[in-house]
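Encoded as structure tokens, the structure appears first; notes follow it.
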Amino acid sequence: TDVSLFLHGMGLPVMEESAHCTDSAQIMAFAEKIRQKRSHLPFDIDGIVVKLNRFSALLAVGETGKSPRWAIAYKFAAERAQTKIRSITIQVGRTGVLTPVAELEPVLVAGSRISRATLHNAEEVYRKDIREGDTVFLEKGGDVIPKITEVILEKRPSEAIPWKMAKFCPCCGATVVQLEGEVAVRCPNEKGCKEQIFRRLLYLTTRDALQIDHLGEKILRQLFEKGFVVSPADLYRLRTEDLQQMTGFKEKSIQNLLQSLEKSKKTTLSRFIMALGIKYVGA
């Protein structure tokens, strides 16, 4: 039985864009056809799926513990676009790592407007010779994370100069350090650098850690700047009257956050250890 006809007969929605192929040449021809139509489809895709189309064949080849042997994904090359780097800023992470970030002229890539892209570390910037004012190719790695893949040298402005990593933390002014054998450049001021403290607090709220819903970066930033939350324990001291001072925070939002904080107390040991954000300790 034809699987797609069977599903259609059951009243389930079936992709209109499909083809019956008998060899690899026909499969590749179909893939190219879909690739060209990709930007005009009413939803985002990153490739096609090639499947055996007979129940008897499906049963014969079976599957592994994780995936079927009768279906395989064929991924298209990531979409890319041209844009210009307005500036390169430095972001300080929870472990003190200084990460260069490209601030871009906004551009549409794979369905979303991109205005920032991480440059990972100083060595990456030096290797690709990325400079402020450069015109670059931007794509989404795995169609998710924006990355600069190439500098268009013929469009480089004459005044563009090589970028250099900061010698001082842009947040607290501490002299940065680079440990032997590490690519990362760090701010060593763990207890005094406000951005490191804030990033550690933010990490504690994430899905991998305590997963405190209704507490996004903007809300936490407000609480931090107003001095209501400076340490993890402060989160559990928050009161209704504190949250009423937050911009745009109404009664329902306050209730949701307080409930999420209460719920987060019932966590697992592994999540609690993750939330502590200990250097070199991962999942």
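Chain labels A, B, ... are given in the sequence in which chains occur in the structure tokens; within each chain residues are numbered consecutively from 1, and ligands are likewise numbered from 1 in the order shown.
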Review point. Per DSSP on the backbone, what are the alpha helix (DSSP H) residues of segment 48-257 of chain A, as a VMD selection string?
Key: chain A and resid 55 to 61 122 to 128 194 to 204 217 to 225 232 to 235 240 to 243 251 to 257
For N, CA and C atoms, I'd like the residues from the last selection saved as a compact mmCIF listing (two decimals), in the first residue's frame.
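Generated file (part-v7.txt):
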# COMPACT_ATOMS: atom_id res chain seq x y z
N PHE A 55 4.61 -0.53 3.02
CA PHE A 55 4.61 -1.08 4.38
C PHE A 55 5.47 -2.34 4.48
N SER A 56 5.42 -3.17 3.45
CA SER A 56 6.19 -4.42 3.48
C SER A 56 7.69 -4.12 3.54
N ALA A 57 8.12 -3.07 2.80
CA ALA A 57 9.55 -2.69 2.80
C ALA A 57 9.94 -2.10 4.15
N LEU A 58 9.04 -1.30 4.76
CA LEU A 58 9.30 -0.71 6.06
C LEU A 58 9.54 -1.80 7.10
N LEU A 59 8.68 -2.79 7.09
CA LEU A 59 8.80 -3.88 8.06
C LEU A 59 10.06 -4.70 7.81
N ALA A 60 10.43 -4.83 6.54
CA ALA A 60 11.60 -5.66 6.19
C ALA A 60 12.91 -5.02 6.67
N VAL A 61 13.06 -3.69 6.52
CA VAL A 61 14.33 -3.05 6.90
C VAL A 61 14.37 -2.68 8.38
N ALA A 122 38.56 35.53 20.26
CA ALA A 122 39.48 36.42 19.54
C ALA A 122 40.21 35.70 18.41
N GLU A 123 40.62 34.45 18.66
CA GLU A 123 41.35 33.70 17.62
C GLU A 123 40.51 33.53 16.36
N GLU A 124 39.21 33.33 16.53
CA GLU A 124 38.30 33.19 15.38
C GLU A 124 38.26 34.49 14.58
N VAL A 125 38.20 35.62 15.28
CA VAL A 125 38.17 36.92 14.60
C VAL A 125 39.47 37.16 13.85
N TYR A 126 40.61 36.84 14.50
CA TYR A 126 41.91 37.04 13.85
C TYR A 126 42.06 36.12 12.63
N ARG A 127 41.60 34.87 12.78
CA ARG A 127 41.75 33.89 11.69
C ARG A 127 40.96 34.32 10.44
N LYS A 128 39.76 34.81 10.65
CA LYS A 128 38.92 35.25 9.52
C LYS A 128 39.18 36.71 9.16
N LYS A 194 29.97 42.91 37.84
CA LYS A 194 28.50 42.84 37.88
C LYS A 194 27.92 41.97 36.76
N GLU A 195 28.52 42.03 35.59
CA GLU A 195 27.97 41.26 34.48
C GLU A 195 28.13 39.76 34.73
N GLN A 196 29.27 39.35 35.30
CA GLN A 196 29.44 37.93 35.64
C GLN A 196 28.40 37.48 36.67
N ILE A 197 28.17 38.31 37.66
CA ILE A 197 27.19 37.99 38.71
C ILE A 197 25.81 37.85 38.08
N PHE A 198 25.47 38.80 37.21
CA PHE A 198 24.15 38.76 36.57
C PHE A 198 24.00 37.51 35.68
N ARG A 199 25.05 37.21 34.91
CA ARG A 199 24.98 36.05 34.01
C ARG A 199 24.87 34.73 34.78
N ARG A 200 25.48 34.67 35.94
CA ARG A 200 25.35 33.47 36.77
C ARG A 200 23.91 33.33 37.29
N LEU A 201 23.32 34.45 37.67
CA LEU A 201 21.92 34.44 38.10
C LEU A 201 21.00 34.01 36.96
N LEU A 202 21.26 34.55 35.77
CA LEU A 202 20.44 34.22 34.61
C LEU A 202 20.55 32.73 34.27
N TYR A 203 21.77 32.20 34.35
CA TYR A 203 21.99 30.78 34.06
C TYR A 203 21.20 29.90 35.02
N LEU A 204 21.12 30.31 36.27
CA LEU A 204 20.40 29.56 37.29
C LEU A 204 18.92 29.38 36.94
N GLU A 217 15.27 37.39 30.80
CA GLU A 217 16.46 38.23 31.00
C GLU A 217 16.10 39.67 31.35
N LYS A 218 15.08 40.23 30.68
CA LYS A 218 14.72 41.64 30.91
C LYS A 218 14.20 41.86 32.33
N ILE A 219 13.36 40.92 32.81
CA ILE A 219 12.80 41.04 34.16
C ILE A 219 13.91 40.89 35.20
N LEU A 220 14.77 39.86 35.00
CA LEU A 220 15.86 39.64 35.95
C LEU A 220 16.81 40.84 35.96
N ARG A 221 17.04 41.44 34.78
CA ARG A 221 17.93 42.61 34.71
C ARG A 221 17.35 43.75 35.55
N GLN A 222 16.04 43.94 35.46
CA GLN A 222 15.39 44.98 36.27
C GLN A 222 15.58 44.71 37.76
N LEU A 223 15.32 43.47 38.17
CA LEU A 223 15.45 43.09 39.57
C LEU A 223 16.88 43.27 40.07
N PHE A 224 17.84 42.97 39.20
CA PHE A 224 19.26 43.09 39.53
C PHE A 224 19.67 44.55 39.65
N GLU A 225 19.25 45.37 38.69
CA GLU A 225 19.62 46.79 38.68
C GLU A 225 19.01 47.52 39.88
N PRO A 232 21.68 34.25 44.36
CA PRO A 232 20.60 33.28 44.09
C PRO A 232 19.56 33.23 45.21
N ALA A 233 19.99 33.33 46.46
CA ALA A 233 19.05 33.25 47.58
C ALA A 233 18.03 34.39 47.54
N ASP A 234 18.44 35.54 46.97
CA ASP A 234 17.54 36.69 46.91
C ASP A 234 16.28 36.40 46.09
N LEU A 235 16.39 35.50 45.12
CA LEU A 235 15.22 35.14 44.30
C LEU A 235 14.10 34.63 45.18
N THR A 240 5.65 40.26 46.89
CA THR A 240 4.73 40.91 45.96
C THR A 240 5.05 42.39 45.81
N GLU A 241 5.33 43.06 46.93
CA GLU A 241 5.60 44.51 46.89
C GLU A 241 6.88 44.84 46.13
N ASP A 242 7.86 43.92 46.13
CA ASP A 242 9.08 44.12 45.33
C ASP A 242 8.74 44.08 43.85
N LEU A 243 7.97 43.06 43.46
CA LEU A 243 7.64 42.85 42.05
C LEU A 243 6.70 43.92 41.52
N GLU A 251 -0.58 42.09 38.36
CA GLU A 251 -0.89 41.07 39.39
C GLU A 251 -0.71 39.65 38.88
N LYS A 252 -1.19 39.37 37.66
CA LYS A 252 -1.09 38.02 37.11
C LYS A 252 0.37 37.62 36.92
N SER A 253 1.18 38.55 36.40
CA SER A 253 2.60 38.28 36.18
C SER A 253 3.31 38.00 37.49
N ILE A 254 2.94 38.75 38.53
CA ILE A 254 3.54 38.56 39.86
C ILE A 254 3.20 37.18 40.40
N GLN A 255 1.93 36.79 40.29
CA GLN A 255 1.50 35.46 40.76
C GLN A 255 2.23 34.35 40.02
N ASN A 256 2.33 34.49 38.69
CA ASN A 256 3.01 33.47 37.88
C ASN A 256 4.46 33.28 38.29
N LEU A 257 5.17 34.41 38.51
CA LEU A 257 6.58 34.33 38.88
C LEU A 257 6.75 33.72 40.28
**Study point:** For Val177 of chain A: contacts at 12 Å, only C-alpha atoms, fewer than 2 positions along chain excluded, given as JSON, numbers by chain
**Key:** {"A": [96, 97, 98, 165, 166, 167, 168, 169, 174, 175, 179, 180, 182, 183, 184, 185, 186, 187, 188, 189]}
Point to revise | Neighbour list for segment 72-83 of chain A as JSON, numbers by chain, cut-off 7 Å, only C-alpha atoms, skip fewer than 5 positions in-chain | key: {"A": [46, 47, 48, 49, 50, 51, 104, 105, 107, 109, 110, 135, 136, 137, 138, 139, 140, 141, 143]}
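Using only C-alpha atoms, the shortest contact distance between Ser87 of chain A and any of A:Arg131, A:Arg156, A:Lys265, A:Lys250 is found at A:Arg131.
One finds atom CA of Gln211 of chain A at 11.0 Å from atom CA of Met274 of chain A.
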Study note, to complete from the structure: note - atom CA of Ile130 of chain A and atom CA of Trp163 of chain A are separated by 7.2 Å
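Here atom CA of Lys147 of chain A and atom CA of Gly277 of chain A stand 26.1 Å from one another.
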9 Å contact set for Ala283 of chain A, only C-alpha atoms, chain neighbours under 4 positions out, as an mmCIF file with N, CA and C atoms, in the first residue's frame:
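As a result, part38.cif now contains:
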data_model
loop_
_atom_site.group_PDB
_atom_site.id
_atom_site.type_symbol
_atom_site.label_atom_id
_atom_site.label_comp_id
_atom_site.auth_asym_id
_atom_site.auth_seq_id
_atom_site.Cartn_x
_atom_site.Cartn_y
_atom_site.Cartn_z
ATOM 1 N N ASP A 208 18.162 24.093 31.740
ATOM 2 C CA ASP A 208 19.119 23.086 32.204
ATOM 3 C C ASP A 208 19.347 23.138 33.712
ATOM 4 N N SER A 270 20.942 16.804 40.271
ATOM 5 C CA SER A 270 21.736 17.146 39.080
ATOM 6 C C SER A 270 21.417 18.558 38.585
ATOM 7 N N ARG A 271 20.139 18.944 38.590
ATOM 8 C CA ARG A 271 19.764 20.298 38.167
ATOM 9 C C ARG A 271 20.307 21.347 39.146
ATOM 10 N N ILE A 273 23.024 21.104 40.983
ATOM 11 C CA ILE A 273 24.472 21.231 40.752
ATOM 12 C C ILE A 273 24.728 22.067 39.491
ATOM 13 N N MET A 274 23.931 21.825 38.445
ATOM 14 C CA MET A 274 24.068 22.626 37.218
ATOM 15 C C MET A 274 23.827 24.097 37.519
#
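Residues in contact with Glu262 of chain A at up to 8 Å, not including ones fewer than 4 positions away on its chain and judged by only C-alpha atoms, are Tyr236, Leu258 and Lys266 of chain A.
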Excluding Leu5 of chain A and its own-chain neighbours fewer than 5 positions away, which residues fall within 12 Å of it when counting only C-alpha atoms? Please give them as a PDB file with N, CA and C atoms, in the first residue's frame.
ATOM      1  N   MET A  10      -7.089   8.422   5.381  1.00  0.00           N
ATOM      2  CA  MET A  10      -7.495   8.481   6.786  1.00  0.00           C
ATOM      3  C   MET A  10      -7.913   9.898   7.198  1.00  0.00           C
ATOM      4  N   GLY A  11      -7.812  10.834   6.241  1.00  0.00           N
ATOM      5  CA  GLY A  11      -8.205  12.213   6.529  1.00  0.00           C
ATOM      6  C   GLY A  11      -7.097  13.058   7.116  1.00  0.00           C
ATOM      7  N   LEU A  12      -5.846  12.552   7.092  1.00  0.00           N
ATOM      8  CA  LEU A  12      -4.724  13.305   7.637  1.00  0.00           C
ATOM      9  C   LEU A  12      -4.103  14.191   6.555  1.00  0.00           C
ATOM     10  N   PRO A  13      -3.569  15.364   6.945  1.00  0.00           N
ATOM     11  CA  PRO A  13      -2.936  16.238   5.944  1.00  0.00           C
ATOM     12  C   PRO A  13      -1.653  15.605   5.407  1.00  0.00           C
ATOM     13  N   VAL A  14      -1.460  15.698   4.120  1.00  0.00           N
ATOM     14  CA  VAL A  14      -0.285  15.108   3.464  1.00  0.00           C
ATOM     15  C   VAL A  14       0.408  16.198   2.652  1.00  0.00           C
ATOM     16  N   MET A  15       1.741  16.215   2.664  1.00  0.00           N
ATOM     17  CA  MET A  15       2.504  17.175   1.865  1.00  0.00           C
ATOM     18  C   MET A  15       2.133  17.072   0.399  1.00  0.00           C
ATOM     19  N   GLU A  16       1.783  18.214  -0.183  1.00  0.00           N
ATOM     20  CA  GLU A  16       1.503  18.221  -1.625  1.00  0.00           C
ATOM     21  C   GLU A  16       2.786  18.014  -2.419  1.00  0.00           C
ATOM     22  N   SER A  18       5.533  16.131  -3.092  1.00  0.00           N
ATOM     23  CA  SER A  18       6.133  14.803  -2.914  1.00  0.00           C
ATOM     24  C   SER A  18       6.329  14.176  -4.283  1.00  0.00           C
ATOM     25  N   HIS A  20       7.322  10.137  -6.296  1.00  0.00           N
ATOM     26  CA  HIS A  20       7.717   8.727  -6.255  1.00  0.00           C
ATOM     27  C   HIS A  20       8.965   8.575  -7.117  1.00  0.00           C
ATOM     28  N   ASN A  53       8.383   3.530   0.539  1.00  0.00           N
ATOM     29  CA  ASN A  53       6.970   3.876   0.507  1.00  0.00           C
ATOM     30  C   ASN A  53       6.042   2.665   0.476  1.00  0.00           C
ATOM     31  N   ARG A  54       6.516   1.532   0.951  1.00  0.00           N
ATOM     32  CA  ARG A  54       5.667   0.341   1.046  1.00  0.00           C
ATOM     33  C   ARG A  54       5.754  -0.204   2.467  1.00  0.00           C
ATOM     34  N   PHE A  55       4.606  -0.534   3.020  1.00  0.00           N
ATOM     35  CA  PHE A  55       4.608  -1.081   4.377  1.00  0.00           C
ATOM     36  C   PHE A  55       5.467  -2.339   4.477  1.00  0.00           C
TER      37      PHE A  55
END
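For the set A:Cys21, A:Val144, A:Leu276, A:Ile27, the residue with the smallest atom-to-atom gap to Ile45 of chain A is A:Val144, counting only C-alpha atoms.
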